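Here is the file input05.pdb (PDB, C-alpha atoms and all ligand atoms).
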```pdb
MODEL        1
ATOM      1  CA  MET U 756      14.029  -7.315 140.455  1.00  0.00           C
ATOM      2  CA  THR U 757      12.404  -7.514 137.053  1.00  0.00           C
ATOM      3  CA  GLU U 758      12.637  -4.720 134.585  1.00  0.00           C
ATOM      4  CA  LYS U 759      10.103  -4.070 131.887  1.00  0.00           C
ATOM      5  CA  ALA U 760      11.500  -4.822 128.447  1.00  0.00           C
ATOM      6  CA  SER U 761      12.362  -1.680 126.592  1.00  0.00           C
ATOM      7  CA  PHE U 762      13.580  -0.910 123.108  1.00  0.00           C
ATOM      8  CA  LEU U 763      16.409   1.245 121.816  1.00  0.00           C
ATOM      9  CA  PHE U 764      13.830   3.080 119.685  1.00  0.00           C
ATOM     10  CA  PRO U 765      10.072   2.623 119.296  1.00  0.00           C
ATOM     11  CA  PRO U 766       9.190  -0.454 117.201  1.00  0.00           C
ATOM     12  CA  THR U 767       7.012   0.232 114.162  1.00  0.00           C
ATOM     13  CA  ILE U 768       3.932  -1.902 113.659  1.00  0.00           C
ATOM     14  CA  SER U 769       2.130  -2.046 110.320  1.00  0.00           C
ATOM     15  CA  ALA U 770      -1.623  -2.253 110.739  1.00  0.00           C
ATOM     16  CA  LEU U 771      -4.818  -2.230 108.696  1.00  0.00           C
ATOM     17  CA  PRO U 772      -8.282  -0.972 109.590  1.00  0.00           C
ATOM     18  CA  ILE U 773     -10.984  -3.596 110.127  1.00  0.00           C
ATOM     19  CA  GLU U 774     -14.431  -2.839 108.763  1.00  0.00           C
ATOM     20  CA  GLY U 775     -16.865  -2.072 111.583  1.00  0.00           C
ATOM     21  CA  LEU U 776     -14.319  -2.312 114.415  1.00  0.00           C
ATOM     22  CA  ASP U 777     -12.274   0.249 116.330  1.00  0.00           C
ATOM     23  CA  VAL U 778      -9.280  -2.061 116.688  1.00  0.00           C
ATOM     24  CA  LYS U 779      -6.716  -2.489 113.944  1.00  0.00           C
ATOM     25  CA  PHE U 780      -5.281  -5.654 112.438  1.00  0.00           C
ATOM     26  CA  PRO U 781      -1.525  -5.835 113.211  1.00  0.00           C
ATOM     27  CA  VAL U 782       0.288  -7.094 110.136  1.00  0.00           C
ATOM     28  CA  GLY U 783       3.043  -9.684 110.492  1.00  0.00           C
ATOM     29  CA  ARG U 784       4.440 -11.074 107.243  1.00  0.00           C
ATOM     30  CA  ILE U 785       3.119 -10.652 103.703  1.00  0.00           C
ATOM     31  CA  TRP U 786       3.234 -13.888 101.705  1.00  0.00           C
ATOM     32  CA  CYS U 787       2.513 -13.506  97.996  1.00  0.00           C
ATOM     33  CA  VAL U 788       1.546 -16.166  95.472  1.00  0.00           C
ATOM     34  CA  GLY U 789       2.985 -15.824  91.970  1.00  0.00           C
ATOM     35  CA  ARG U 790       1.254 -17.051  88.802  1.00  0.00           C
ATOM     36  CA  ASN U 791      -1.892 -18.339  90.468  1.00  0.00           C
ATOM     37  CA  TYR U 792      -4.150 -17.600  87.487  1.00  0.00           C
ATOM     38  CA  ALA U 793      -3.405 -19.605  84.323  1.00  0.00           C
ATOM     39  CA  GLU U 794      -4.012 -16.737  81.921  1.00  0.00           C
ATOM     40  CA  HIS U 795      -1.692 -14.411  83.870  1.00  0.00           C
ATOM     41  CA  SER U 796       0.943 -17.149  83.961  1.00  0.00           C
ATOM     42  CA  ARG U 797       0.767 -17.298  80.157  1.00  0.00           C
ATOM     43  CA  GLU U 798       1.024 -13.508  79.784  1.00  0.00           C
ATOM     44  CA  MET U 799       4.227 -13.729  81.874  1.00  0.00           C
ATOM     45  CA  ARG U 800       5.490 -16.271  79.285  1.00  0.00           C
ATOM     46  CA  SER U 801       5.157 -19.227  81.654  1.00  0.00           C
ATOM     47  CA  ASP U 802       3.315 -22.520  81.194  1.00  0.00           C
ATOM     48  CA  PRO U 803       0.809 -23.038  84.032  1.00  0.00           C
ATOM     49  CA  GLU U 804       0.659 -26.793  83.273  1.00  0.00           C
ATOM     50  CA  ARG U 805       4.397 -27.214  83.809  1.00  0.00           C
ATOM     51  CA  ASN U 806       5.143 -24.427  86.300  1.00  0.00           C
ATOM     52  CA  PRO U 807       2.979 -24.403  89.425  1.00  0.00           C
ATOM     53  CA  PRO U 808       2.423 -21.216  91.490  1.00  0.00           C
ATOM     54  CA  PHE U 809       5.160 -20.206  93.950  1.00  0.00           C
ATOM     55  CA  PHE U 810       5.651 -17.872  96.912  1.00  0.00           C
ATOM     56  CA  PHE U 811       7.585 -14.677  97.425  1.00  0.00           C
ATOM     57  CA  THR U 812       7.308 -12.001 100.125  1.00  0.00           C
ATOM     58  CA  LYS U 813       6.883  -8.294 100.563  1.00  0.00           C
ATOM     59  CA  PRO U 814       8.008  -6.437 103.725  1.00  0.00           C
ATOM     60  CA  SER U 815       5.057  -5.660 106.006  1.00  0.00           C
ATOM     61  CA  ASP U 816       5.874  -1.946 106.050  1.00  0.00           C
ATOM     62  CA  ASN U 817       5.039  -1.797 102.326  1.00  0.00           C
ATOM     63  CA  ILE U 818       1.373  -1.632 103.305  1.00  0.00           C
ATOM     64  CA  SER U 819      -0.302   1.618 102.387  1.00  0.00           C
ATOM     65  CA  THR U 820      -3.715   3.037 103.113  1.00  0.00           C
ATOM     66  CA  LEU U 821      -2.965   6.319 101.300  1.00  0.00           C
ATOM     67  CA  SER U 822      -5.240   7.285  98.420  1.00  0.00           C
ATOM     68  CA  VAL U 823      -2.541   9.352  96.683  1.00  0.00           C
ATOM     69  CA  LEU U 824       0.813   7.626  96.401  1.00  0.00           C
ATOM     70  CA  PRO U 825       4.218   8.994  95.485  1.00  0.00           C
ATOM     71  CA  PHE U 826       5.527   7.437  92.255  1.00  0.00           C
ATOM     72  CA  PRO U 827       8.284   5.029  93.341  1.00  0.00           C
ATOM     73  CA  PRO U 828      11.933   5.618  92.390  1.00  0.00           C
ATOM     74  CA  GLN U 829      14.064   3.525  90.011  1.00  0.00           C
ATOM     75  CA  THR U 830      11.317   2.451  87.647  1.00  0.00           C
ATOM     76  CA  GLN U 831       9.904   3.507  84.297  1.00  0.00           C
ATOM     77  CA  LYS U 832       7.525   0.551  84.271  1.00  0.00           C
ATOM     78  CA  LEU U 833       5.436   0.421  87.436  1.00  0.00           C
ATOM     79  CA  HIS U 834       2.822  -2.343  87.094  1.00  0.00           C
ATOM     80  CA  TYR U 835      -0.439  -2.968  88.960  1.00  0.00           C
ATOM     81  CA  GLU U 836      -1.593  -6.446  90.026  1.00  0.00           C
ATOM     82  CA  VAL U 837      -5.005  -6.598  91.709  1.00  0.00           C
ATOM     83  CA  GLU U 838      -5.280  -9.384  94.285  1.00  0.00           C
ATOM     84  CA  LEU U 839      -7.526 -10.807  96.953  1.00  0.00           C
ATOM     85  CA  VAL U 840      -5.772 -10.581 100.328  1.00  0.00           C
ATOM     86  CA  VAL U 841      -6.379 -13.187 103.038  1.00  0.00           C
ATOM     87  CA  ALA U 842      -5.754 -12.110 106.661  1.00  0.00           C
ATOM     88  CA  LEU U 843      -4.901 -14.759 109.267  1.00  0.00           C
ATOM     89  CA  ASN U 844      -5.673 -14.495 112.981  1.00  0.00           C
ATOM     90  CA  ALA U 845      -4.207 -17.868 113.950  1.00  0.00           C
ATOM     91  CA  GLY U 846      -1.103 -19.796 113.015  1.00  0.00           C
ATOM     92  CA  GLY U 847       0.135 -23.299 112.510  1.00  0.00           C
ATOM     93  CA  THR U 848       2.429 -25.627 110.694  1.00  0.00           C
ATOM     94  CA  ASN U 849       1.909 -28.671 108.444  1.00  0.00           C
ATOM     95  CA  LEU U 850      -1.796 -27.979 108.034  1.00  0.00           C
ATOM     96  CA  SER U 851      -4.160 -29.802 105.719  1.00  0.00           C
ATOM     97  CA  PRO U 852      -6.307 -27.623 103.440  1.00  0.00           C
ATOM     98  CA  GLU U 853      -9.273 -28.383 105.721  1.00  0.00           C
ATOM     99  CA  GLU U 854      -7.338 -27.340 108.856  1.00  0.00           C
ATOM    100  CA  SER U 855      -6.184 -24.175 107.059  1.00  0.00           C
ATOM    101  CA  ARG U 856      -9.675 -22.703 106.944  1.00  0.00           C
ATOM    102  CA  ARG U 857      -9.714 -21.953 110.681  1.00  0.00           C
ATOM    103  CA  LEU U 858      -6.778 -19.533 110.272  1.00  0.00           C
ATOM    104  CA  ILE U 859      -8.757 -17.138 108.078  1.00  0.00           C
ATOM    105  CA  TYR U 860      -9.924 -13.995 109.865  1.00  0.00           C
ATOM    106  CA  GLY U 861     -10.978 -11.938 106.872  1.00  0.00           C
ATOM    107  CA  TYR U 862     -10.334 -10.604 103.417  1.00  0.00           C
ATOM    108  CA  ALA U 863      -9.280  -7.388 101.731  1.00  0.00           C
ATOM    109  CA  VAL U 864      -8.487  -6.236  98.215  1.00  0.00           C
ATOM    110  CA  GLY U 865      -4.940  -5.143  97.542  1.00  0.00           C
ATOM    111  CA  LEU U 866      -2.435  -4.204  94.881  1.00  0.00           C
ATOM    112  CA  ASP U 867       0.851  -6.044  94.458  1.00  0.00           C
ATOM    113  CA  MET U 868       2.666  -3.094  92.882  1.00  0.00           C
ATOM    114  CA  THR U 869       5.702  -4.178  90.904  1.00  0.00           C
ATOM    115  CA  ARG U 870       8.690  -2.372  89.418  1.00  0.00           C
ATOM    116  CA  ARG U 871       8.466  -4.586  86.317  1.00  0.00           C
ATOM    117  CA  ASP U 872      11.565  -3.223  84.588  1.00  0.00           C
ATOM    118  CA  MET U 873      13.640  -3.908  87.706  1.00  0.00           C
ATOM    119  CA  GLN U 874      12.094  -7.394  87.950  1.00  0.00           C
ATOM    120  CA  GLU U 875      12.877  -8.156  84.291  1.00  0.00           C
ATOM    121  CA  ALA U 876      16.498  -7.029  84.747  1.00  0.00           C
ATOM    122  CA  ALA U 877      16.808  -9.188  87.869  1.00  0.00           C
ATOM    123  CA  LYS U 878      15.397 -12.229  86.065  1.00  0.00           C
ATOM    124  CA  ASN U 879      17.781 -11.705  83.126  1.00  0.00           C
ATOM    125  CA  ASN U 880      20.755 -11.476  85.490  1.00  0.00           C
ATOM    126  CA  ARG U 881      19.561 -14.361  87.683  1.00  0.00           C
ATOM    127  CA  HIS U 882      19.432 -11.964  90.627  1.00  0.00           C
ATOM    128  CA  PRO U 883      16.764 -11.986  93.355  1.00  0.00           C
ATOM    129  CA  TRP U 884      13.831  -9.730  92.502  1.00  0.00           C
ATOM    130  CA  SER U 885      12.913  -8.763  96.073  1.00  0.00           C
ATOM    131  CA  LEU U 886      13.263  -5.010  95.543  1.00  0.00           C
ATOM    132  CA  SER U 887      11.084  -5.055  92.436  1.00  0.00           C
ATOM    133  CA  LYS U 888       8.242  -6.234  94.690  1.00  0.00           C
ATOM    134  CA  GLY U 889       9.282  -4.679  98.008  1.00  0.00           C
ATOM    135  CA  PHE U 890       9.505  -0.881  98.215  1.00  0.00           C
ATOM    136  CA  ASP U 891       7.721   1.992  99.960  1.00  0.00           C
ATOM    137  CA  ASN U 892       3.939   1.814  99.458  1.00  0.00           C
ATOM    138  CA  ALA U 893       4.245  -1.290  97.257  1.00  0.00           C
ATOM    139  CA  CYS U 894       1.191  -2.807  98.881  1.00  0.00           C
ATOM    140  CA  PRO U 895      -1.920  -0.591  98.949  1.00  0.00           C
ATOM    141  CA  ILE U 896      -4.697  -2.502 100.765  1.00  0.00           C
ATOM    142  CA  SER U 897      -8.338  -1.843 101.656  1.00  0.00           C
ATOM    143  CA  ALA U 898      -9.812  -2.323 105.130  1.00  0.00           C
ATOM    144  CA  ILE U 899     -10.132  -5.958 106.184  1.00  0.00           C
ATOM    145  CA  ARG U 900     -13.659  -7.367 106.124  1.00  0.00           C
ATOM    146  CA  PRO U 901     -14.199 -10.206 108.615  1.00  0.00           C
ATOM    147  CA  ALA U 902     -14.901 -13.548 106.913  1.00  0.00           C
ATOM    148  CA  SER U 903     -18.214 -13.789 108.804  1.00  0.00           C
ATOM    149  CA  LEU U 904     -19.450 -10.796 106.759  1.00  0.00           C
ATOM    150  CA  VAL U 905     -18.008 -12.019 103.458  1.00  0.00           C
ATOM    151  CA  GLY U 906     -19.435 -15.529 103.333  1.00  0.00           C
ATOM    152  CA  GLU U 907     -18.432 -17.427 100.197  1.00  0.00           C
ATOM    153  CA  VAL U 908     -15.615 -15.668  98.377  1.00  0.00           C
ATOM    154  CA  GLU U 909     -14.999 -18.269  95.653  1.00  0.00           C
ATOM    155  CA  GLN U 910     -17.510 -16.822  93.192  1.00  0.00           C
ATOM    156  CA  SER U 911     -16.454 -13.206  93.749  1.00  0.00           C
ATOM    157  CA  LEU U 912     -15.226 -11.235  90.759  1.00  0.00           C
ATOM    158  CA  LEU U 913     -11.903  -9.439  91.183  1.00  0.00           C
ATOM    159  CA  THR U 914     -11.488  -6.390  88.937  1.00  0.00           C
ATOM    160  CA  LEU U 915      -9.195  -3.462  88.315  1.00  0.00           C
ATOM    161  CA  THR U 916      -9.944  -0.362  86.283  1.00  0.00           C
ATOM    162  CA  VAL U 917      -7.497   2.353  85.239  1.00  0.00           C
ATOM    163  CA  ASN U 918      -9.132   5.741  84.589  1.00  0.00           C
ATOM    164  CA  GLY U 919     -12.473   3.921  84.294  1.00  0.00           C
ATOM    165  CA  ASP U 920     -11.318   1.300  81.747  1.00  0.00           C
ATOM    166  CA  ILE U 921     -11.454  -2.303  82.874  1.00  0.00           C
ATOM    167  CA  ARG U 922      -7.996  -3.895  82.703  1.00  0.00           C
ATOM    168  CA  GLN U 923      -8.150  -6.977  84.931  1.00  0.00           C
ATOM    169  CA  SER U 924     -11.020  -9.299  85.709  1.00  0.00           C
ATOM    170  CA  GLY U 925     -11.052 -12.769  87.208  1.00  0.00           C
ATOM    171  CA  ARG U 926     -13.027 -15.011  89.527  1.00  0.00           C
ATOM    172  CA  ILE U 927     -11.516 -16.216  92.773  1.00  0.00           C
ATOM    173  CA  SER U 928     -12.578 -19.708  91.653  1.00  0.00           C
ATOM    174  CA  ASP U 929     -10.162 -19.367  88.684  1.00  0.00           C
ATOM    175  CA  MET U 930      -7.160 -19.557  91.006  1.00  0.00           C
ATOM    176  CA  ILE U 931      -4.844 -22.559  90.473  1.00  0.00           C
ATOM    177  CA  TRP U 932      -4.137 -22.874  94.228  1.00  0.00           C
ATOM    178  CA  SER U 933      -7.377 -22.354  96.166  1.00  0.00           C
ATOM    179  CA  ILE U 934      -7.146 -20.377  99.408  1.00  0.00           C
ATOM    180  CA  PRO U 935      -7.076 -23.487 101.681  1.00  0.00           C
ATOM    181  CA  ASP U 936      -4.540 -25.118  99.336  1.00  0.00           C
ATOM    182  CA  MET U 937      -2.147 -22.153  99.409  1.00  0.00           C
ATOM    183  CA  ILE U 938      -2.315 -21.839 103.213  1.00  0.00           C
ATOM    184  CA  SER U 939      -1.620 -25.551 103.489  1.00  0.00           C
ATOM    185  CA  VAL U 940       1.330 -25.475 101.060  1.00  0.00           C
ATOM    186  CA  LEU U 941       2.814 -22.442 102.829  1.00  0.00           C
ATOM    187  CA  SER U 942       2.412 -24.050 106.272  1.00  0.00           C
ATOM    188  CA  TYR U 943       4.726 -26.891 105.204  1.00  0.00           C
ATOM    189  CA  SER U 944       7.420 -24.296 104.499  1.00  0.00           C
ATOM    190  CA  VAL U 945       7.074 -21.791 107.353  1.00  0.00           C
ATOM    191  CA  THR U 946       5.210 -21.560 110.650  1.00  0.00           C
ATOM    192  CA  LEU U 947       2.242 -19.327 109.960  1.00  0.00           C
ATOM    193  CA  ARG U 948       1.241 -16.764 112.568  1.00  0.00           C
ATOM    194  CA  ALA U 949      -1.682 -14.543 113.464  1.00  0.00           C
ATOM    195  CA  GLY U 950      -1.188 -11.267 111.598  1.00  0.00           C
ATOM    196  CA  ASP U 951       0.130 -12.852 108.416  1.00  0.00           C
ATOM    197  CA  LEU U 952      -1.385 -11.710 105.121  1.00  0.00           C
ATOM    198  CA  ILE U 953      -1.491 -13.726 101.915  1.00  0.00           C
ATOM    199  CA  MET U 954      -1.726 -11.972  98.559  1.00  0.00           C
ATOM    200  CA  THR U 955      -3.334 -14.639  96.443  1.00  0.00           C
ATOM    201  CA  GLY U 956      -2.167 -13.791  92.924  1.00  0.00           C
ATOM    202  CA  THR U 957      -3.446 -11.680  90.061  1.00  0.00           C
ATOM    203  CA  PRO U 958      -5.614 -12.406  87.008  1.00  0.00           C
ATOM    204  CA  ALA U 959      -4.422 -11.567  83.481  1.00  0.00           C
ATOM    205  CA  GLY U 960      -4.203  -8.008  82.257  1.00  0.00           C
ATOM    206  CA  VAL U 961      -1.362  -6.562  84.331  1.00  0.00           C
ATOM    207  CA  GLY U 962      -0.059  -3.300  82.941  1.00  0.00           C
ATOM    208  CA  GLN U 963       1.652  -0.018  83.418  1.00  0.00           C
ATOM    209  CA  VAL U 964       0.692   2.853  85.704  1.00  0.00           C
ATOM    210  CA  ASN U 965       1.443   6.470  84.861  1.00  0.00           C
ATOM    211  CA  VAL U 966       1.401   9.550  87.055  1.00  0.00           C
ATOM    212  CA  HIS U 967      -2.184  10.823  87.612  1.00  0.00           C
ATOM    213  CA  ASP U 968      -3.755   7.456  86.667  1.00  0.00           C
ATOM    214  CA  ILE U 969      -6.649   6.448  88.921  1.00  0.00           C
ATOM    215  CA  LEU U 970      -6.685   2.763  89.867  1.00  0.00           C
ATOM    216  CA  GLU U 971      -9.886   1.241  91.214  1.00  0.00           C
ATOM    217  CA  ALA U 972      -9.541  -2.269  92.613  1.00  0.00           C
ATOM    218  CA  ARG U 973     -12.630  -4.211  93.612  1.00  0.00           C
ATOM    219  CA  CYS U 974     -13.465  -7.662  94.897  1.00  0.00           C
ATOM    220  CA  GLU U 975     -17.165  -8.498  95.140  1.00  0.00           C
ATOM    221  CA  ASN U 976     -18.374  -8.971  98.733  1.00  0.00           C
ATOM    222  CA  VAL U 977     -14.928  -8.016 100.034  1.00  0.00           C
ATOM    223  CA  GLY U 978     -14.195  -4.376  99.353  1.00  0.00           C
ATOM    224  CA  GLU U 979     -12.706  -1.763  97.122  1.00  0.00           C
ATOM    225  CA  LEU U 980      -9.693   0.470  96.941  1.00  0.00           C
ATOM    226  CA  THR U 981      -8.954   3.604  94.910  1.00  0.00           C
ATOM    227  CA  VAL U 982      -5.451   4.990  94.524  1.00  0.00           C
ATOM    228  CA  SER U 983      -3.686   7.437  92.250  1.00  0.00           C
ATOM    229  CA  TYR U 984      -0.046   8.350  91.720  1.00  0.00           C
ATOM    230  CA  GLU U 985       1.600  11.734  91.769  1.00  0.00           C
TER     231      GLU U 985
HETATM  232 MN    MN U1001       1.217 -10.584  92.422  1.00  0.00          MN
ENDMDL
END
```
Can I see the file as structure tokens?
Amino acid sequence: MTEKASFLFPPTISALPIEGLDVKFPVGRIWCVGRNYAEHSREMRSDPERNPPFFFTKPSDNISTLSVLPFPPQTQKLHYEVELVVALNAGGTNLSPEESRRLIYGYAVGLDMTRRDMQEAAKNNRHPWSLSKGFDNACPISAIRPASLVGEVEQSLLTLTVNGDIRQSGRISDMIWSIPDMISVLSYSVTLRAGDLIMTGTPAGVGQVNVHDILEARCENVGELTVSYE
């Protein structure tokens, strides 16, 4: 006799809306690229020539589609980082950049929210900085737009305004690791799976968010996202 698998309590699944579809995109892991724009690398006091980009992760339940977010605890220095998000609907391991392209389902625009003061303290103490990047609602993301509707994303401009003032602006083509390159590099480290998201790094101009600020993130041909904090 076979019994249907059951769980001690209901599993939670993070998911994102998909533009134009009734089904949602179930989110697996969130892989993030650090210092993928040279100018941002320099503003973080790093040398992009000597220090290549790197990966870190955020828990998948950090995804938020709320437009008003609670201000997170344990920080006086919450920072925004606008990023292009790549959504995968296939997996693989040890992929070439060319092979990596077939994993891409679509794109979204997202915010890699960061408790910068906590991150700075962790760096100074040589502690892991996971919790400075991973906390409730640390990853606001727009709906996913299928790649077939986006077309070429390389020339898209990625921008962030705070209360109407432009703070971040960069072209996807300015990234140090291109999208196929970063998928390839990552696939030599972990087995990628359908449902994985990649946050591709932020251009220069990161800065602090205060309560009541209105953040508008935009990536040309991909989408937009507006959030505020209370
Ligand atoms: Mn980031």
Name the residues captured by the PyMOL selection byres (((chain U and resi 774) around 6) and not hetatm) when it is applied to the shown file; answer as a ChimeraX atom specification.
-> /U:773,775-776,898-900
Just to be explicit: take each residue in the selection above, keep C-alpha atoms, and write the result as an mmCIF file, keeping the file's coordinate frame.
```
data_model
loop_
_atom_site.group_PDB
_atom_site.id
_atom_site.type_symbol
_atom_site.label_atom_id
_atom_site.label_comp_id
_atom_site.auth_asym_id
_atom_site.auth_seq_id
_atom_site.Cartn_x
_atom_site.Cartn_y
_atom_site.Cartn_z
ATOM 1 C CA ILE U 773 -10.984 -3.596 110.127
ATOM 2 C CA GLY U 775 -16.865 -2.072 111.583
ATOM 3 C CA LEU U 776 -14.319 -2.312 114.415
ATOM 4 C CA ALA U 898 -9.812 -2.323 105.130
ATOM 5 C CA ILE U 899 -10.132 -5.958 106.184
ATOM 6 C CA ARG U 900 -13.659 -7.367 106.124
#
```
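By only C-alpha atoms, and with residues fewer than 2 positions from stretch 840-842 of chain U along its chain excluded, the set lying at most 8 Å from it is U:Glu838, U:Asn844, U:Ile859, U:Tyr860, U:Gly861, U:Tyr862, U:Ala863, U:Val864, U:Gly865, U:Ile899, U:Gly950, U:Asp951, U:Leu952, U:Ile953, U:Met954, U:Thr955.
Nearest residue to ligand MN 1001 (chain U) among U:Trp884, U:Tyr835, U:Phe826, U:Tyr984 is U:Tyr835, counting all atoms listed in the file.
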Residues up to 6 Å from ligand MN 1001 (chain U), counting all atoms listed in the file: could you list those as a ChimeraX atom specification?
-> /U:789,836,867,956-957
Specify as a list in words each residue included when the PyMOL selection byres (((chain U and resi 823) around 6) and not hetatm) is applied to this file.
-> Leu821, Ser822, Leu824, Val982, Ser983 and Tyr984 of chain U
Include C-alpha atoms and write out the residues we just selected as a PDB file, in the frame of the given file.
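out_24.pdb was written with the following content:
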```
ATOM      1  CA  LEU U 821      -2.965   6.319 101.300  1.00  0.00           C
ATOM      2  CA  SER U 822      -5.240   7.285  98.420  1.00  0.00           C
ATOM      3  CA  LEU U 824       0.813   7.626  96.401  1.00  0.00           C
ATOM      4  CA  VAL U 982      -5.451   4.990  94.524  1.00  0.00           C
ATOM      5  CA  SER U 983      -3.686   7.437  92.250  1.00  0.00           C
ATOM      6  CA  TYR U 984      -0.046   8.350  91.720  1.00  0.00           C
TER       7      TYR U 984
END
```
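For the structure in this document, the set picked by the PyMOL selection byres (((chain U and resi 792) around 9) and not hetatm) is Gly789, Arg790, Asn791, Ala793, Glu794, His795, Ser796, Arg797, Pro803, Pro808, Gly925, Asp929, Met930, Ile931, Trp932, Gly956, Thr957, Pro958 and Ala959 of chain U.
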Selected residues, C-alpha atoms, written as a PDB file, in the frame of the given file, please.
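Final file, out-v2.pdb:
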```
ATOM      1  CA  GLY U 789       2.985 -15.824  91.970  1.00  0.00           C
ATOM      2  CA  ARG U 790       1.254 -17.051  88.802  1.00  0.00           C
ATOM      3  CA  ASN U 791      -1.892 -18.339  90.468  1.00  0.00           C
ATOM      4  CA  ALA U 793      -3.405 -19.605  84.323  1.00  0.00           C
ATOM      5  CA  GLU U 794      -4.012 -16.737  81.921  1.00  0.00           C
ATOM      6  CA  HIS U 795      -1.692 -14.411  83.870  1.00  0.00           C
ATOM      7  CA  SER U 796       0.943 -17.149  83.961  1.00  0.00           C
ATOM      8  CA  ARG U 797       0.767 -17.298  80.157  1.00  0.00           C
ATOM      9  CA  PRO U 803       0.809 -23.038  84.032  1.00  0.00           C
ATOM     10  CA  PRO U 808       2.423 -21.216  91.490  1.00  0.00           C
ATOM     11  CA  GLY U 925     -11.052 -12.769  87.208  1.00  0.00           C
ATOM     12  CA  ASP U 929     -10.162 -19.367  88.684  1.00  0.00           C
ATOM     13  CA  MET U 930      -7.160 -19.557  91.006  1.00  0.00           C
ATOM     14  CA  ILE U 931      -4.844 -22.559  90.473  1.00  0.00           C
ATOM     15  CA  TRP U 932      -4.137 -22.874  94.228  1.00  0.00           C
ATOM     16  CA  GLY U 956      -2.167 -13.791  92.924  1.00  0.00           C
ATOM     17  CA  THR U 957      -3.446 -11.680  90.061  1.00  0.00           C
ATOM     18  CA  PRO U 958      -5.614 -12.406  87.008  1.00  0.00           C
ATOM     19  CA  ALA U 959      -4.422 -11.567  83.481  1.00  0.00           C
TER      20      ALA U 959
END
```
For U:Arg856: contacts at 12 Å, only C-alpha atoms, fewer than 6 positions along chain excluded, given as a PyMOL selection string = chain U and resi 841-847+850+902+933-939
All residues 6 Å or closer to stretch 966-979 of chain U, all atoms listed in the file, same chain fewer than 5 positions away omitted, as a PyMOL selection string | chain U and resi 863+905+911-918+984-985
Distance of atom CA of U:Phe890 from atom CA of U:Asp816, expressed in Å to one decimal place | 8.7 Å
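The spacing separating atom CA of U:Ser885 from atom CA of U:Gln831 amounts to 17.3 Å.
Using only C-alpha atoms, the smallest distance between any of U:Thr820, U:Ser928, U:Gln874, U:Thr946 and U:Met799 comes from U:Gln874.
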Grab the atom CA of U:Val788 to atom CA of U:Val945 distance for me, in Å with one decimal place.
-> 14.3 Å
How big is the axis-aligned box around the listed atoms of stretch 841-844 of chain U once 8 Å is added on each side, and where is its centre? Give both in Å to one decimal, as lines of an AutoDock Vina configuration file.
```
center_x = -5.6
center_y = -13.4
center_z = 108.0
size_x = 17.5
size_y = 18.6
size_z = 25.9
```
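All residues that come within 6 Å of the coordinates (5.1, -10.9, 98.0), counting all atoms listed in the file, are given as Trp786, Cys787, Phe811, Thr812 and Lys813 of chain U.
For the choices U:Ala949, U:Leu866, U:Val782, U:Val940, the atom-to-atom distance to U:Ser815 is smallest for U:Val782 when using only C-alpha atoms.
Restricting the calculation to all atoms listed in the file, the smallest distance between U:Asn817 and any of U:Ile785, U:Leu941, U:Met873, U:Val778 is found for U:Ile785.
In this comparison, which uses only C-alpha atoms, the residue of U:Ser761, U:Ser801, U:Gln910, U:Ser819 approaching U:Pro895 most closely is U:Ser819.
Nearest-residue note for U:Arg926: choosing from U:Val837, U:Ile896, U:Leu763, U:Leu904, the minimum distance belongs to U:Val837, counting all atoms listed in the file.
Residues within 9 Å of U:Arg870, counting all atoms listed in the file and excluding same-chain residues fewer than 3 positions away, are Pro827, Gln829, Thr830, Gln831, Lys832, Leu833, His834, Met873, Gln874, Glu875, Leu886, Ser887, Lys888, Gly889 and Phe890 of chain U.
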